[in-house]
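Peer 1: The structure under discussion is supplied below as C-alpha cells; questions concerning it will follow.
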Amino acid sequence: MVNELPGPVAAALKAAVGAEGYVDDPAILAPHLAEWRGLFRGAAPVLVAPGSAAEAARVIGLCAAARVGVVPQGGNTGLVGGAIPHSRPGHPEIILSAARLNRIRELDAANYTVVAESGVILAALQAAATAAGRLFPLSLAAEGSCQLGGVVSTNAGGTAVIRYGTTRDLVLGLEVVLPDGSVLDRLRVLRKDNTGYDLRQLFIGAEGTLGFITAVSCKLFPAPRTSGTAWVAVPTPAAAIGLLAAARERLGDEVTAFELMSRLAVDLVVRHIAGARDPLPGAGPWYVLLELASSREGAHPEADLEAFLGWASDRGLATDAAVAASGAQQAAFWRVRHAMSEAQKHAGASIKHDVSVPVSRIDAFLEQAGAYVAGRIPGVRVVAFGHVGDGNLHYNLSQPEALAAADFLALWGEVSAGVHDIAVGLGGSFSAEHGIGSLKVGELQRWRGGTEYRLMQALKATIDPLGIMNPGKVVTGPA
Ligand SMILES: Cc1cc2nc3c(=O)[nH]c(=O)nc-3n(C[C@H](O)[C@H](O)[C@H](O)COP(=O)(O)OP(=O)(O)OC[C@H]3O[C@@H](n4cnc5c(N)ncnc54)[C@H](O)[C@@H]3O)c2cc1C
C-alpha cells in the first residue's frame with residue numbers, strides 16, 4: 001500500500017494520542033481526504049487528533065524523526081486545498097486534526113479577551129462571547145464547521161472586516177507546536193507588548209506550513225445592543241461604491257457589513273436553496289446588504305437606515321430598499337448572502353476567483369474582467385458577490401449552458417491568470433482571503449517572486465528545515 005507508515009511509527013503515534021485520537025479506518029478517513037467542493041482529493045494512512053499541546057508536540061516530534069509529513073486540518077472548509085494530504089510512495093503524510101482541542105480555556109470579560117484551543121468551532125466561540133456579554137466579531141458562512149485554528153491559519157476575513165478587521169487584527173497570542181516538536185508559548189492577552197519581533201504574525205495566515213496551532217488568545221468587543229439590516233437595490237457597482245462612501249461618512253463606525261451581490265447570484269439562491277426568498281424580487285441588476293450595529297443605549301439602527309436610504313435614493317445611489325423589520329427577517333437576508341457558494345453548485349461547473357482591489361476600483365475591475373471572460377468564454381455566467389466594503393469580490397464563473405463541464409474547467413488556469421492579471425493590474429491581489437494552499441502555489445511565485453518570495457522560502461527553511469509541515473503548500477523550493 002502506497003500510504004503506509006512504518007510500523008513502529010504508527011505504533012508510537014497511537015501511543016502518543018491513545019486509541020480515541022488515532023483513526024486508520026478508511027471509511028472514517030474518507031471525508032478528511034477531500035475538500036468540500038471536490039476540487040482536491042488526497043491520501044493519508046492515518047488521522048491523528050491530539051488532546052493537548054503536549055500530545056501534539058509528541059506527534060510532531062515523532063513525525064520529524066521519521067520524516068513523515070504533517071498536514072494540519074481544522075474544519076476542512078478551506079477552499080484552496082490547504083488541508084488535504086498527498087501521501088506518495090515513500091513519502092507518507094498524516095492528517096493532524098485539531099478536533100479534540102476544543103476547550104475554551106479562559107474568557108476574561110473585563111479584559112475583553114478569550115483564550116481558546118484551536119479546535120473550537122467558530123460559532124461556539126461566538127456563542128461563548130455572547131453568553132459573557134461580549135462579541136467575537138469574525139463571521140463567515142462556514143462558521144458552523146470551521147475552527148479557530150483554521151481561521152487563524154488562513155487569516156480568514158468574512159463579513160465584518162469593514163469594522164473589526166481580519167483575523168490578524170483579532171489575534172493577541174498563539175500557542176504553536178513547531179516542526180521540531182517544541183512548543184512556542186506566546187499566548188499573551190496584552191494589547192501592548194513591544195518585545196522584539198512579533199512572531200505571532202508569522203503563523204497567522206501560514207496555512208499550517210510553519211507549525212500546528214494549539215491555542216489562540218483573541219480580542220473581544222462590546223456586544224451590540226441593536227442592529228439593523230437593509231437589502232438595497234443599486235443600479236451599478238459604481239453606485240454601490242458611492243453608497244458605501246456615503247454610509248461611512250453619515251453612519252460612521254456603526255457600518256458592520258457591506259456586501260455586494262449580482263442579480264444572477266441572488267437568482268441562483270432563490271432557485272436552488274430551499275426556503276430562500278428574494279427580498280426585492282426583480283428590482284435591479286445589483287444588490288447591497290448593509291448592516292449597522294450599535295452598542296450605544298438609545299441607538300435606533302433601523303430608523304438610521306431608513307433615513308439614510310431615503311437620502312441615498314434621492315441621489316440615485318439606491319433604486320429600492322427593504323429594511324428588515326425583525327430578527328427573523330435579518331436572518332433571512334443573510335441567508336440569501338451566505339447561501340451563494342452552495343447555490344452556485346447547482347449551476348454546473350464553476351471557476352472561482354477570490355480577488356481584492358482598492359474599493360474605488362471595484363467597478364473598473366468588474367468592467368474589465370466582464371469583458372475579458374465574455375470574450376474568452378462566450379455565454380459564461382458571471383456570479384459575482386463579496387465583501388465589497390473591503391474591496392473583496394468572489395468573482396465566480398459558471399459554465400455556459402452550451403459548453404461541457406470538462407471543456408469549461410480545462411480553461412481554469414488560463415482564465416484565472418487573465419482575471420488575476422486584471423486585479424493585480426488595478427493594484428489588487430489574486431487571493432484576498434482564501435490563501436494559497438495547493439491551488440495558487442504557481443500564482444504566488446508569479447506575483448510575489450523575487451525578494452518577497454525568497455524571504456518566504458528562507459523563513460520556511462529556518463522554521464521547518466526538514467520540510468515536514470504541510471509539504472507542497474504555499475511556498476515550495478529551497479531557500
Ligand atoms: C461556504 C463557505 C464560506 C466561506 N466564507 C469565507 C469567508 O467569508 N472568508 C474567508 O476568509 N474564508 C471563507 N471560507 C473559507 C474557509 O471557511 C476559511 O478559510 C476557514 O478559515 C477555514 O477554517 P477550517 O477550520 O475549516 O480550516 P481547514 O480548511 O481545515 O484548513 C485551512 C488551512 O489551515 C491549516 N490549518 C487548519 N487548522 C490548523 C491548525 N490548528 N494549525 C495550523 N494550521 C491549521 C490547514 O492545514 C489548511 O492549510 C468559506 C468557506 C466556505 C465553505
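Chain labels run A, B, ... following the order of the C-alpha cells; each chain numbers its residues from 1, and ligands are numbered from 1 in the order shown.
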Could you give me, as a PyMOL selection string, the residues within 9 Å of range 195-210 of chain A, counting only C-alpha atoms and dropping anything in the same chain fewer than 6 positions from it?
Peer 2: chain A and resi 70-73+82-83+150-156+167-168+171-176+178-179+186+435-437+459-460+463-464+467-475
Peer 1: Determine, counting only C-alpha atoms, which protein, DNA and RNA residues have an atom within 8 Å of an atom of Val380 in chain A; residues of the same chain fewer than 2 positions away are not included. Present the result as a PDB file with C-alpha atoms, in the first residue's frame.
Peer 2:
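This went into part15.pdb:
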```pdb
ATOM      1  CA  VAL A 373     -14.281  36.487 -19.624  1.00  0.00           C
ATOM      2  CA  ALA A 374     -17.132  37.123 -22.098  1.00  0.00           C
ATOM      3  CA  ILE A 377     -15.746  32.023 -22.898  1.00  0.00           C
ATOM      4  CA  PRO A 378     -18.834  33.134 -24.834  1.00  0.00           C
ATOM      5  CA  VAL A 382     -20.640  35.653 -14.004  1.00  0.00           C
ATOM      6  CA  LEU A 397     -17.862  31.887 -13.299  1.00  0.00           C
ATOM      7  CA  SER A 398     -20.492  29.236 -14.030  1.00  0.00           C
ATOM      8  CA  GLN A 399     -20.182  27.113 -17.147  1.00  0.00           C
ATOM      9  CA  PRO A 400     -22.099  28.271 -20.225  1.00  0.00           C
TER      10      PRO A 400
END
```
Peer 1: Looking at only C-alpha atoms, which of A:Gly242, A:Gly149, A:Gly42, A:Pro281 is the one that sits closest to Arg361 in chain A?
Peer 2: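 Checking each candidate against Arg361 in chain A, we get A:Gly242 as the closest.
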Peer 1: Any idea what the distance is between CA of Glu291 in chain A and CA of Thr166 in chain A?
Peer 2: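 Rounded to one decimal, the two atoms are 17.5 Å apart.
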Peer 1: Assign secondary structure with DSSP using the backbone only, and return the residues of range 21-160 of chain A in strand (DSSP E) as a ChimeraX atom specification.
Peer 2: /A:22-23,47-48,69-73,93-97,104-108,113-117,134-135
Peer 1: Using DSSP secondary structure from the backbone, list all alpha helix (DSSP H) positions within range 228-396 of chain A, as a ChimeraX atom specification.
Peer 2: /A:237-251,263-272,301-314,327-338,340-344,362-376
Peer 1: What's the 10 Å shell around Leu190 in chain A, counting only C-alpha atoms, without same-chain residues fewer than 2 positions away, as a ChimeraX atom specification?
Peer 2: /A:111,113,172-173,187-188,192-193,217-219
Peer 1: Leaving out Tyr395 in chain A and any residue of its chain fewer than 6 positions from it, which residues lie within 12 Å of it when counting only C-alpha atoms, given as number ranges by chain?
Peer 2: A: 260-262, 265, 340-341, 344, 350-357, 362, 365-367, 369-370, 373, 381-388, 415-416, 419-420, 422-423, 430-432
Peer 1: Next, dump the selected residues to file, keeping only C-alpha atoms, as a compact mmCIF listing (two decimals), in the first residue's frame.
Peer 2:
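Final output, saved to result18.txt:
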```txt
# COMPACT_ATOMS: atom_id res chain seq x y z
CA LEU A 260 -22.43 43.36 -2.96
CA MET A 261 -24.31 40.71 -4.96
CA SER A 262 -25.22 40.40 -8.62
CA ALA A 265 -26.10 35.29 -7.68
CA MET A 340 -24.36 31.85 -2.62
CA SER A 341 -21.47 29.35 -2.78
CA GLN A 344 -23.70 28.03 -7.41
CA SER A 350 -17.53 26.77 -11.71
CA ILE A 351 -14.23 28.59 -11.89
CA LYS A 352 -13.78 30.74 -8.79
CA HIS A 353 -11.71 33.78 -8.02
CA ASP A 354 -11.18 35.46 -4.67
CA VAL A 355 -9.67 38.81 -5.60
CA SER A 356 -9.36 42.20 -3.99
CA VAL A 357 -8.79 45.65 -5.43
CA ILE A 362 -14.29 47.70 -7.95
CA PHE A 365 -12.44 45.53 -12.17
CA LEU A 366 -15.97 44.30 -12.91
CA GLU A 367 -15.99 46.05 -16.26
CA ALA A 369 -12.98 41.28 -16.07
CA GLY A 370 -16.50 41.06 -17.53
CA VAL A 373 -14.28 36.49 -19.62
CA ARG A 381 -22.32 33.28 -16.47
CA VAL A 382 -20.64 35.65 -14.00
CA VAL A 383 -21.74 35.06 -10.41
CA ALA A 384 -20.11 37.95 -8.60
CA PHE A 385 -20.57 38.72 -4.92
CA GLY A 386 -18.43 39.62 -1.99
CA HIS A 387 -17.30 41.72 0.93
CA VAL A 388 -17.06 44.79 -1.22
CA VAL A 415 -8.85 32.30 -17.45
CA SER A 416 -7.80 32.66 -13.82
CA VAL A 419 -8.62 37.61 -14.18
CA HIS A 420 -5.71 37.81 -11.74
CA ILE A 422 -6.69 42.43 -14.21
CA ALA A 423 -6.99 42.51 -10.41
CA PHE A 430 -5.07 37.42 -6.61
CA SER A 431 -6.00 35.90 -3.24
CA ALA A 432 -7.92 38.17 -0.90
```
Peer 1: Looking at A:Leu96, A:Leu140, A:Ala49, A:Ala10, which one is nearest to ligand 1, with distances taken over only C-alpha atoms and all ligand atoms?
Peer 2: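 Looking only at the distances to ligand 1, the closest residue turns out to be A:Leu140.
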Peer 1: Restricting the calculation to only C-alpha atoms and all ligand atoms: of A:Gly316, A:Gly18, A:Gly298, A:Pro31, which residue gets closest to ligand 1?
Peer 2: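 Closest candidate: A:Pro31.
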Peer 1: If I take atom 8 (O, counted along the ligand's line) of ligand 1 and CA of Glu143 in chain A, how far is one from the other in Å, to one decimal?
Peer 2: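 Atom-to-atom, atom 8 (O, counted along the ligand's line) of ligand 1 to CA of Glu143 in chain A, that is 9.1 Å.
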Peer 1: Which of these, A:Asp390, A:Asp24, A:Glu254, A:Glu452, has the shortest distance to ligand 1 once you count only C-alpha atoms and all ligand atoms?
Peer 2: A:Asp390
Peer 1: Using only C-alpha atoms and all ligand atoms, which of the listed residues (A:Gly119, A:Gly7, A:Pro45, A:Pro89) sits closest to ligand 1?
Peer 2: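 Among A:Gly119, A:Gly7, A:Pro45, A:Pro89, it is A:Gly119 that comes nearest to ligand 1.
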Peer 1: Neighbouring residues of Leu122 in chain A were defined as those with any atom within 7 Å, considering only C-alpha atoms; residues of the same chain fewer than 6 positions away were excluded. Please report them as number ranges by chain.
Peer 2: A: 143-144, 146-148
Peer 1: Point out the residue among A:Ala461, A:Ala331, A:Val424, A:Ala44 with the least atom-to-atom distance to Arg448 in chain A, counting only C-alpha atoms.
Peer 2: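 Residue with the minimum atom-to-atom distance to Arg448 in chain A: A:Val424.
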Peer 1: Compile the contact shell of Asp267 in chain A as a list of chain:residue names: residues with an atom at most 12 Å away, counting only C-alpha atoms, same-chain residues fewer than 6 positions apart removed.
Peer 2: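 With the cut-off at 12 Å, the set is A:Met261, A:Ile273, A:Ala276, A:Arg277, A:Asp278, A:Pro279, A:Leu280, A:Pro281, A:Gly282, A:Ala283, A:Gly284, A:Pro285, A:Trp286, A:Tyr287, A:Val336, A:Arg337, A:Ala339, A:Met340, A:Ala343, A:Gln344, A:His346, A:Ala347, A:Val383, A:Ala384.
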Peer 1: If you keep C-alpha atoms, can you produce a file of those selected residues as a PDB file, in the first residue's frame?
Peer 2:
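Heads up, here's the output in selection05.pdb:
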```
ATOM      1  CA  MET A 261     -24.306  40.710  -4.962  1.00  0.00           C
ATOM      2  CA  ILE A 273     -31.918  26.857  -1.856  1.00  0.00           C
ATOM      3  CA  ALA A 276     -34.774  31.237   0.426  1.00  0.00           C
ATOM      4  CA  ARG A 277     -36.811  34.230  -0.737  1.00  0.00           C
ATOM      5  CA  ASP A 278     -35.799  37.237  -2.806  1.00  0.00           C
ATOM      6  CA  PRO A 279     -36.125  40.298  -0.524  1.00  0.00           C
ATOM      7  CA  LEU A 280     -36.835  42.587  -3.530  1.00  0.00           C
ATOM      8  CA  PRO A 281     -37.961  40.385  -6.413  1.00  0.00           C
ATOM      9  CA  GLY A 282     -36.772  41.634  -9.799  1.00  0.00           C
ATOM     10  CA  ALA A 283     -35.727  45.029  -8.507  1.00  0.00           C
ATOM     11  CA  GLY A 284     -32.378  45.505 -10.234  1.00  0.00           C
ATOM     12  CA  PRO A 285     -29.037  44.233 -11.525  1.00  0.00           C
ATOM     13  CA  TRP A 286     -27.077  44.600  -8.258  1.00  0.00           C
ATOM     14  CA  TYR A 287     -27.831  44.422  -4.540  1.00  0.00           C
ATOM     15  CA  VAL A 336     -29.519  34.658   0.823  1.00  0.00           C
ATOM     16  CA  ARG A 337     -25.986  36.065   1.048  1.00  0.00           C
ATOM     17  CA  ALA A 339     -26.067  30.501   0.505  1.00  0.00           C
ATOM     18  CA  MET A 340     -24.363  31.851  -2.625  1.00  0.00           C
ATOM     19  CA  ALA A 343     -26.359  27.699  -4.741  1.00  0.00           C
ATOM     20  CA  GLN A 344     -23.697  28.027  -7.409  1.00  0.00           C
ATOM     21  CA  HIS A 346     -26.443  23.811  -8.863  1.00  0.00           C
ATOM     22  CA  ALA A 347     -25.394  25.822 -11.921  1.00  0.00           C
ATOM     23  CA  VAL A 383     -21.742  35.060 -10.412  1.00  0.00           C
ATOM     24  CA  ALA A 384     -20.107  37.954  -8.596  1.00  0.00           C
TER      25      ALA A 384
END
```
Peer 1: What does the structure give for the distance between CA of Gly327 in chain A and CA of Arg248 in chain A, in Å to one decimal?
Peer 2: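 Computing the Euclidean distance for CA of Gly327 in chain A and CA of Arg248 in chain A yields 23.4 Å.
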